[in-house]
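Report on the structure given below.
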Amino acid sequence: MKFTLSWLKNHLDTDASIDEITYALTDLGLEVEEVVNPMDTLAAFTIGYVKHAEKHPDADKLRVCVVDTDEGELQIICGAPNARQGIHVVVAKPGVYVPGIDTTIGVGKIRGIESFGMMASEREMELSDEHDGIIELAGEPDVGSKFVDYLAKHSPDKIDPMIDIAITPNRPDALGIRGIARDLAARGLGVLKPEPVAEIKGGFKSDINVTIDEDVMAKGCPLFTGRLIKGVKNGASPAWLQARLKAIGLRPISTLVDITNLFTYEYNRPLHVFDADIVKGDLRVHFAKGGEKLMALDDVEYTFEAGMMTISDDNGVESVAGIMGGLPSGCTYDTVNVFLESAYWDPIAIAITGRKLKINSDARYRFERGVDPAFTPKGLDLATALILELCGGEASDMVVAGAVPDTTRSYHLDTDRVKSLVGMDIPADTQRETLTALGFELKDDDAFVPSWRPDVLGEADLVEEIARVASLTKLQGVPLPPLSVGVPKPILTPMQRRETMARRTLAALGYNECVTYSFIDQASAEMFGGGTDTVKVGNPISADMSHMRPSLLPGLLQAAARNQARGIMDMALFEVGPVFHGGEPEDQELLATGLLIGHTSARDPHGSRRAVDTYDAKADAEAVLSAIGAPEKMMILRGAREWWHPGRSGKLSLGPKNVLCAFGEVHPKVLDALGVKGPAVAFAVHVARVPYPKTKTATRPALTVSDLQAVERDFAFVVDGHVEALTLINAAKGADKVLIVDVSVFDVFGGDKAEAQMGASKKSIAISVRLQPTDTTLTDQDIEAVSAKIIDKVSKATGGVLRG
């Protein structure tokens with residue numbers, strides 16, 4: 001936000017210096033990014049008097065001048081046509097930097113004659129574009145005095161400092177100079193001048209009326225005001241108006257357009273003027289159907305999507321509502337009749353249309369942050385008055401569609417909260433004076449928020465306003481209160497502790513942690529069950545980051561591919577982070593995912609090196625689940641998702657529906673699509689699905705150890721070739737859940753040799769069963785009874801028989 005000091009003083013009666021103002025602005029939260037002060041740039045220029053001038057002996061267009069300066073008489077050669085005896089000029093002596101030509105003056109020799117300085121023109125000093133001759137000063141200024149002192153007395157606008165401040169999104173009121181002046185007045189750097197008021201009495205009824213569609217009035221434009229002004233004379237704007245716009249980097253166009261720009265910066269009130277003779281019929285504010293086109297004022301043709309907000313007449317779209325007008329109905333020097341628009345546009349609707357069309361304009365920048373809705377008709381009257389003053393004409397009655405939105409809201413003012421929230425002792429009367437100076441209306445202990453402050457939404461915001469005006473630099477540190485004796489309560493939530501434990505466990509297993517983006521490309525997201533519109537990013541930073549990730553595997557596989565491209569073939573990578581299955585908060589889930597590629601170890605002479613397999617992933621997944629508190633007994637199921645290898649993957653579950661983890665080999669098609677040289681095995685643990693313990697205690701359960709001798713018995717069963725070992729293990733465990741503490745497979749005999757001995761499609765599975773008595777030592781009869789149960793259970797579950 002740029003403005004000049006003189007422009008600020010139109011609203012603020014102050015004698016504060018530029019340094020005091022800039023310090024106060026930054027302290028108030030309006031950070032000053034740049035100050036351009038011509039006084040600093042032109043400080044070295046002085047005033048001289050040309051005592052004598054004669055033609056250069058070797059150049060027709062050069063004159064050798066003797067100039068009286070503060071350092072005595074200097075010989076200066078000048079080529080300006082108006083260089084002559086008897087005029088007061090601006091002198092740049094050797095060593096002075098001239099900004100307009102980016103040069104530091106030195107002693108030079110021109111056509112054999114020395115020159116000890118320069119007499120400057122306005123363009124060379126960046127005062128204007130005038131360069132037809134050197135500056136001739138009126139009156140009798142003192143020779144040797146500073147040129148800036150002369151300007152301060154005779155042309156102060158030419159040395160008007162320009163201030164550029166950064167505006168945070170929560171302060172749209174500071175996008176107008178009056179809002180900035182209000183903050184400075186509240187700080188005590190001057191008095192806020194009364195807001196100008198213009199009462200325009202229309203001389204006729206407008207030929208152009210405005211309607212707002214019902215759906216737009218509810219979601220896009222609750223208020224539209226306008227006036228038809230006939231008989232205007234448009235042309236170049238007056239010098240004072242052009243100077244203000246040029247000082248902040250805007251190009252003057254015409255009086256009508258310059259007035260709209262003036263109000264945009266002075267009051268944060270964007271306006272638009274239509275050439276009324278081009279507009280056919282009435283204006284209608286509506287959402288586009290899709291496919292409409294408009295050549296805008298930036299000479300770019302835009303095509304509208306359905307739902308974008310537009311202003312149309314009988315001929316079609318005439319303006320991108322609240323963002324940019326159309327070129328056909330724009331004003332030119334030939335414009336005679338204009339329709340002046342002042343409307344309030346919904347910030348969200350403006351942001352949606354502006355982002356889709358990729359239009360950046362001052363109007364969009366302000367409307368999507370929020371302007372003062374109550375100032376909409378007032379701004380129209382003030383702008384109308386200025387148009388009538390500068391362009392003449394006659395104004396119609398005000399055209400009004402909709403009504404000013406009701407922004408009335410109040411919050412309780414507790415003067416003690418400043419102390420408790422900020423730690424500053426500010427008297428209650430001072431707090432009330434501050435809020436009043438900022439435009440709040442106080443009734444009893446309630447503060448009514450002004451319409452230009454959409455960011456104030458609670459009692460804490462009142463405290464913030466009071467504290468920033470008082471200056472947070474006055475905040476002083478105080479000693480901490482003594483710590484209470486005892487053990488502090490845990491800070492981390494159970495889920496945070498579980499996440500930390502999963503991360504530590506994976507690191508201890510030898511995995512390297514990766515931190516990847518939560519955004520991935522659509523093709524990768526679709527491979528892992530995502531890529532829908534509900535997780536599509538509205539404004540992605542690149543095409544490769546268009547969707548929220550449905551799994552951590554895409555990022556890990558892409559990281560693996562990059563490492564493989566650099567010759568690293570053996571990897572163990574993991575990530576613990578969120579994934580997204582939809583657009584709602586409850587669709588976010590925390591996963592702990594590991595990826596293994598290559599071999600288990602480096603090459604060695606002992607032959608211990610082998611390729612990683614599904615069981616490595618399963619073992620690591622079980623270690624993570626154990627660390628975060630999962631029960632020891634889990635079901636192993638088939639049916640993992642489509643990005644897993646169908647025959648080399650599984651699920652660890654507490655039931656058919658509560659899947660805690662998927663593990664196995666990644667599908668070859670996925671590896672090929674992501675450029676990974678496989679095979680690769682992985683696991684994905686659903687951290688939040690692991691049930692929390694029913695008893696919440698910091699102590700561990702007592703260790704139960706039996707002093708009775710355990711007994712192990714081996715069994716070998718002949719079963720069909722399709723029978724899974726897990727089925728046999730579960731059946732054996734169910735034979736006696738008290739005595740049997742462990743069942744494991746120690747041998748599988750299959751293939752052609754097995755079929756030759758046991759029959760076609762048969763195999764042998766040998767298991768070891770460990771029995772642990774708790775009360776008395778097992779007798780042979782007890783062991784035989786349990787063994788019989790095991791054989792019976794396995795036979796019924798698998799159809800197998802005990803191998804002879």
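Numbering starts fresh at 1 for the residues of each chain in the structure tokens, the chains themselves are lettered A, B, ... in the order given, and ligands are numbered from 1 as they appear.
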Contacts of Arg178 (chain A) at 7 Å or less, counting only C-alpha atoms, minus same-chain residues fewer than 3 places along, as a PDB file with all heavy atoms, in the first residue's frame?
ATOM      1  N   HIS A  11      -6.063  13.719   5.668  1.00  0.00           N
ATOM      2  CA  HIS A  11      -6.955  13.081   6.639  1.00  0.00           C
ATOM      3  C   HIS A  11      -6.419  13.162   8.054  1.00  0.00           C
ATOM      4  O   HIS A  11      -7.167  12.897   8.996  1.00  0.00           O
ATOM      5  CB  HIS A  11      -7.144  11.601   6.266  1.00  0.00           C
ATOM      6  CG  HIS A  11      -7.803  11.398   4.945  1.00  0.00           C
ATOM      7  ND1 HIS A  11      -9.170  11.318   4.791  1.00  0.00           N
ATOM      8  CD2 HIS A  11      -7.281  11.273   3.691  1.00  0.00           C
ATOM      9  CE1 HIS A  11      -9.472  11.136   3.517  1.00  0.00           C
ATOM     10  NE2 HIS A  11      -8.340  11.121   2.820  1.00  0.00           N
ATOM     11  N   ALA A 181      -4.616   6.787   8.527  1.00  0.00           N
ATOM     12  CA  ALA A 181      -4.665   8.006   9.337  1.00  0.00           C
ATOM     13  C   ALA A 181      -5.387   7.755  10.654  1.00  0.00           C
ATOM     14  O   ALA A 181      -4.999   8.286  11.706  1.00  0.00           O
ATOM     15  CB  ALA A 181      -5.367   9.115   8.550  1.00  0.00           C
ATOM     16  N   ARG A 182      -6.422   6.914  10.622  1.00  0.00           N
ATOM     17  CA  ARG A 182      -7.170   6.608  11.851  1.00  0.00           C
ATOM     18  C   ARG A 182      -6.279   5.904  12.869  1.00  0.00           C
ATOM     19  O   ARG A 182      -6.312   6.205  14.070  1.00  0.00           O
ATOM     20  CB  ARG A 182      -8.379   5.750  11.506  1.00  0.00           C
ATOM     21  CG  ARG A 182      -9.303   5.484  12.698  1.00  0.00           C
ATOM     22  CD  ARG A 182     -10.439   4.559  12.326  1.00  0.00           C
ATOM     23  NE  ARG A 182     -11.316   5.162  11.327  1.00  0.00           N
ATOM     24  CZ  ARG A 182     -11.398   4.755  10.058  1.00  0.00           C
ATOM     25  NH1 ARG A 182     -10.642   3.767   9.625  1.00  0.00           N
ATOM     26  NH2 ARG A 182     -12.224   5.353   9.220  1.00  0.00           N
ATOM     27  N   GLU A 266      -7.551   6.061  -1.517  1.00  0.00           N
ATOM     28  CA  GLU A 266      -7.809   6.997  -0.427  1.00  0.00           C
ATOM     29  C   GLU A 266      -8.808   6.437   0.581  1.00  0.00           C
ATOM     30  O   GLU A 266      -8.638   6.588   1.792  1.00  0.00           O
ATOM     31  CB  GLU A 266      -8.323   8.319  -0.987  1.00  0.00           C
ATOM     32  CG  GLU A 266      -8.455   9.401   0.067  1.00  0.00           C
ATOM     33  CD  GLU A 266      -8.466  10.797  -0.526  1.00  0.00           C
ATOM     34  OE1 GLU A 266      -8.427  10.926  -1.771  1.00  0.00           O
ATOM     35  OE2 GLU A 266      -8.502  11.761   0.242  1.00  0.00           O
ATOM     36  N   TYR A 267      -9.852   5.764   0.077  1.00  0.00           N
ATOM     37  CA  TYR A 267     -10.915   5.280   0.965  1.00  0.00           C
ATOM     38  C   TYR A 267     -11.093   3.760   0.945  1.00  0.00           C
ATOM     39  O   TYR A 267     -12.039   3.264   1.549  1.00  0.00           O
ATOM     40  CB  TYR A 267     -12.245   5.938   0.581  1.00  0.00           C
ATOM     41  CG  TYR A 267     -12.286   7.428   0.785  1.00  0.00           C
ATOM     42  CD1 TYR A 267     -12.155   8.303  -0.297  1.00  0.00           C
ATOM     43  CD2 TYR A 267     -12.443   7.971   2.060  1.00  0.00           C
ATOM     44  CE1 TYR A 267     -12.193   9.674  -0.118  1.00  0.00           C
ATOM     45  CE2 TYR A 267     -12.486   9.342   2.250  1.00  0.00           C
ATOM     46  CZ  TYR A 267     -12.361  10.191   1.159  1.00  0.00           C
ATOM     47  OH  TYR A 267     -12.398  11.553   1.339  1.00  0.00           O
TER      48      TYR A 267
END
Taking only residues of region 273-353 of chain A that have an atom at most 12 Å from an atom of region 400-411 of chain A, what is each one's shortest atom pair and its distance in Å to one decimal, using only C-alpha atoms, in chain and number order, as a Markdown table?
| residue | atom | partner | partner_atom | distance |
| --- | --- | --- | --- | --- |
| A:Leu283 | CA | A:Ala401 | CA | 10.6 |
| A:Arg284 | CA | A:Ala401 | CA | 10.1 |
| A:Val285 | CA | A:Ala401 | CA | 9.8 |
| A:Leu340 | CA | A:Val400 | CA | 12.0 |
| A:Glu341 | CA | A:Val400 | CA | 10.2 |
| A:Ser342 | CA | A:Val400 | CA | 9.8 |
| A:Ala343 | CA | A:Ala401 | CA | 9.3 |
| A:Tyr344 | CA | A:Val404 | CA | 8.2 |
| A:Trp345 | CA | A:Pro405 | CA | 10.5 |
| A:Asp346 | CA | A:Pro405 | CA | 10.4 |
**Prompt:** Excluding same-chain residues fewer than 2 positions from Gly354 (chain A), what lies within 12 Å of it counting only C-alpha atoms, as a ChimeraX atom specification?
**Reply:** /A:302,304-305,308-310,320-324,347-352,356-368,539
Determine, counting only C-alpha atoms, which protein, DNA and RNA residues have an atom within 8 Å of an atom of region 595-603 of chain A; residues of the same chain fewer than 2 positions away are not included. Present the result as a CSV table (one decimal) with N, CA, C and O atoms, in the first residue's frame.
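Ended up saving to result_34.csv:
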chain,number,residue,atom,x,y,z
A,553,LEU,N,2.9,-44.4,0.4
A,553,LEU,CA,3.7,-45.2,-0.5
A,553,LEU,C,4.2,-44.4,-1.7
A,553,LEU,O,5.3,-44.6,-2.1
A,556,LEU,N,7.2,-42.4,-0.9
A,556,LEU,CA,8.4,-43.3,-0.5
A,556,LEU,C,8.9,-43.9,-1.8
A,556,LEU,O,10.2,-44.1,-2.0
A,557,LEU,N,8.0,-44.4,-2.7
A,557,LEU,CA,8.5,-45.1,-3.9
A,557,LEU,C,9.2,-44.1,-4.8
A,557,LEU,O,10.2,-44.4,-5.5
A,569,MET,N,20.9,-49.0,-4.3
A,569,MET,CA,19.9,-50.1,-4.6
A,569,MET,C,19.3,-50.7,-3.4
A,569,MET,O,18.2,-51.3,-3.5
A,570,ASP,N,20.0,-50.7,-2.3
A,570,ASP,CA,19.4,-51.3,-1.0
A,570,ASP,C,19.0,-50.2,-0.1
A,570,ASP,O,19.7,-49.3,0.3
A,571,MET,N,17.7,-50.2,0.2
A,571,MET,CA,17.1,-49.1,1.0
A,571,MET,C,16.0,-49.6,2.0
A,571,MET,O,15.3,-50.6,1.7
A,572,ALA,N,16.0,-48.9,3.1
A,572,ALA,CA,14.9,-49.1,4.1
A,572,ALA,C,14.4,-47.7,4.4
A,572,ALA,O,15.1,-46.9,5.2
A,573,LEU,N,13.3,-47.3,3.9
A,573,LEU,CA,12.7,-46.0,4.1
A,573,LEU,C,11.4,-46.0,4.9
A,573,LEU,O,10.6,-47.0,4.8
A,574,PHE,N,11.1,-45.0,5.7
A,574,PHE,CA,9.8,-45.0,6.4
A,574,PHE,C,9.4,-43.5,6.5
A,574,PHE,O,10.1,-42.6,6.4
A,593,THR,N,4.4,-46.0,7.6
A,593,THR,CA,4.6,-46.8,6.4
A,593,THR,C,6.1,-47.0,6.2
A,593,THR,O,6.9,-46.1,6.4
A,605,PRO,N,31.4,-62.5,2.6
A,605,PRO,CA,31.9,-63.9,2.2
A,605,PRO,C,31.2,-65.0,2.9
A,605,PRO,O,31.5,-66.2,2.6
A,607,GLY,N,27.8,-65.5,2.8
A,607,GLY,CA,26.5,-65.9,2.1
A,607,GLY,C,25.3,-65.5,2.9
A,607,GLY,O,24.2,-66.1,2.7
A,608,SER,N,25.4,-64.6,3.8
A,608,SER,CA,24.2,-64.2,4.6
A,608,SER,C,23.3,-63.2,3.8
A,608,SER,O,22.2,-62.9,4.2
A,609,ARG,N,23.8,-62.6,2.7
A,609,ARG,CA,23.0,-61.7,2.0
A,609,ARG,C,21.9,-62.3,1.2
A,609,ARG,O,22.0,-63.4,0.6
A,610,ARG,N,20.7,-61.8,1.3
A,610,ARG,CA,19.5,-62.3,0.6
A,610,ARG,C,18.6,-61.1,0.3
A,610,ARG,O,18.7,-60.0,0.9
A,611,ALA,N,17.7,-61.3,-0.7
A,611,ALA,CA,16.7,-60.3,-1.1
A,611,ALA,C,15.7,-60.2,0.0
A,611,ALA,O,15.3,-61.2,0.6
A,612,VAL,N,15.2,-59.0,0.2
A,612,VAL,CA,14.1,-58.8,1.2
A,612,VAL,C,12.8,-59.4,0.6
A,612,VAL,O,12.6,-59.5,-0.6
A,617,ALA,N,8.9,-57.5,5.8
A,617,ALA,CA,7.9,-56.4,6.0
A,617,ALA,C,6.9,-56.8,7.1
A,617,ALA,O,6.6,-56.0,7.9
A,678,GLY,N,12.2,-53.2,-9.0
A,678,GLY,CA,11.7,-54.1,-7.9
A,678,GLY,C,12.5,-55.4,-7.8
A,678,GLY,O,13.5,-55.6,-8.5
A,679,PRO,N,12.0,-56.3,-7.0
A,679,PRO,CA,10.8,-56.1,-6.2
A,679,PRO,C,11.0,-55.2,-5.0
A,679,PRO,O,12.1,-54.9,-4.6
A,680,ALA,N,9.8,-54.8,-4.4
A,680,ALA,CA,9.9,-53.9,-3.2
A,680,ALA,C,8.8,-54.4,-2.3
A,680,ALA,O,7.7,-54.8,-2.7
A,681,VAL,N,9.1,-54.5,-1.0
A,681,VAL,CA,8.1,-54.9,0.0
A,681,VAL,C,7.9,-53.7,0.9
A,681,VAL,O,8.7,-52.9,1.1
A,682,ALA,N,6.7,-53.7,1.5
A,682,ALA,CA,6.3,-52.5,2.3
A,682,ALA,C,5.2,-52.9,3.3
A,682,ALA,O,4.7,-54.0,3.3
A,683,PHE,N,4.9,-52.0,4.2
A,683,PHE,CA,3.8,-52.2,5.1
A,683,PHE,C,3.3,-50.8,5.5
A,683,PHE,O,4.0,-49.8,5.4
**Request:** Write out as a list in words the residues lying within 9 Å of Pro454 (chain A), counting only C-alpha atoms and excluding same-chain residues fewer than 5 positions away.
**Result:** Asn170, Arg171, Pro172, Asp173, Arg369, Gly370, Val371, Asp372, Thr407 and Val449 of chain A
**Request:** Please report, as a ChimeraX atom specification, each residue of region 150-237 of chain A to which DSSP assigns strand (DSSP E) when run on this structure's backbone.
**Result:** /A:162-165,191-192,210-212,223-230
Dump N, CA, C and O atoms for the selected residues as a tab-separated table (two decimals), in the first residue's frame?
chain	number	residue	atom	x	y	z
A	162	MET	N	7.16	9.37	-0.30
A	162	MET	CA	6.26	8.26	-0.57
A	162	MET	C	6.57	7.13	0.40
A	162	MET	O	7.72	6.76	0.60
A	163	ILE	N	5.52	6.60	1.03
A	163	ILE	CA	5.66	5.53	2.01
A	163	ILE	C	4.96	4.29	1.47
A	163	ILE	O	3.83	4.35	0.99
A	164	ASP	N	5.62	3.15	1.57
A	164	ASP	CA	5.06	1.87	1.13
A	164	ASP	C	5.00	0.95	2.34
A	164	ASP	O	6.03	0.67	2.96
A	165	ILE	N	3.79	0.48	2.69
A	165	ILE	CA	3.63	-0.38	3.86
A	165	ILE	C	3.08	-1.73	3.43
A	165	ILE	O	2.39	-1.86	2.42
A	191	VAL	N	-4.50	14.44	14.79
A	191	VAL	CA	-5.96	14.39	14.95
A	191	VAL	C	-6.57	13.99	13.62
A	191	VAL	O	-6.23	14.55	12.57
A	192	LEU	N	-7.48	13.03	13.67
A	192	LEU	CA	-8.17	12.59	12.46
A	192	LEU	C	-9.16	13.66	12.03
A	192	LEU	O	-10.03	14.08	12.80
A	210	VAL	N	-30.59	-1.13	-12.21
A	210	VAL	CA	-29.77	-2.30	-11.86
A	210	VAL	C	-30.63	-3.33	-11.13
A	210	VAL	O	-31.42	-2.98	-10.25
A	211	THR	N	-30.46	-4.59	-11.51
A	211	THR	CA	-31.10	-5.70	-10.80
A	211	THR	C	-30.03	-6.71	-10.39
A	211	THR	O	-29.02	-6.87	-11.08
A	212	ILE	N	-30.28	-7.38	-9.29
A	212	ILE	CA	-29.38	-8.41	-8.79
A	212	ILE	C	-30.16	-9.71	-8.68
A	212	ILE	O	-31.21	-9.76	-8.03
A	223	LEU	N	-25.38	-5.56	-2.30
A	223	LEU	CA	-25.69	-4.14	-2.49
A	223	LEU	C	-25.00	-3.61	-3.75
A	223	LEU	O	-23.81	-3.86	-3.96
A	224	PHE	N	-25.76	-2.89	-4.57
A	224	PHE	CA	-25.22	-2.24	-5.76
A	224	PHE	C	-25.86	-0.86	-5.83
A	224	PHE	O	-27.08	-0.72	-5.86
A	225	THR	N	-25.00	0.18	-5.85
A	225	THR	CA	-25.50	1.55	-6.02
A	225	THR	C	-24.84	2.16	-7.24
A	225	THR	O	-23.73	1.77	-7.64
A	226	GLY	N	-25.51	3.13	-7.84
A	226	GLY	CA	-24.96	3.77	-9.02
A	226	GLY	C	-25.66	5.08	-9.33
A	226	GLY	O	-26.72	5.39	-8.78
A	227	ARG	N	-25.03	5.83	-10.21
A	227	ARG	CA	-25.61	7.11	-10.65
A	227	ARG	C	-25.27	7.34	-12.11
A	227	ARG	O	-24.15	7.07	-12.55
A	228	LEU	N	-26.22	7.85	-12.84
A	228	LEU	CA	-25.98	8.28	-14.21
A	228	LEU	C	-25.61	9.76	-14.18
A	228	LEU	O	-26.31	10.58	-13.57
A	229	ILE	N	-24.48	10.09	-14.80
A	229	ILE	CA	-24.03	11.48	-14.86
A	229	ILE	C	-23.95	11.87	-16.33
A	229	ILE	O	-23.17	11.29	-17.09
A	230	LYS	N	-24.74	12.86	-16.72
A	230	LYS	CA	-24.80	13.28	-18.11
A	230	LYS	C	-24.00	14.56	-18.34
A	230	LYS	O	-23.88	15.41	-17.46
**Message:** Rounded to one decimal, what separation in Å do you get between CA of Phe440 (chain A) and CA of Leu175 (chain A)?
**Reply:**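 So the two atoms, CA of Phe440 (chain A) and CA of Leu175 (chain A), lie 18.7 Å apart.
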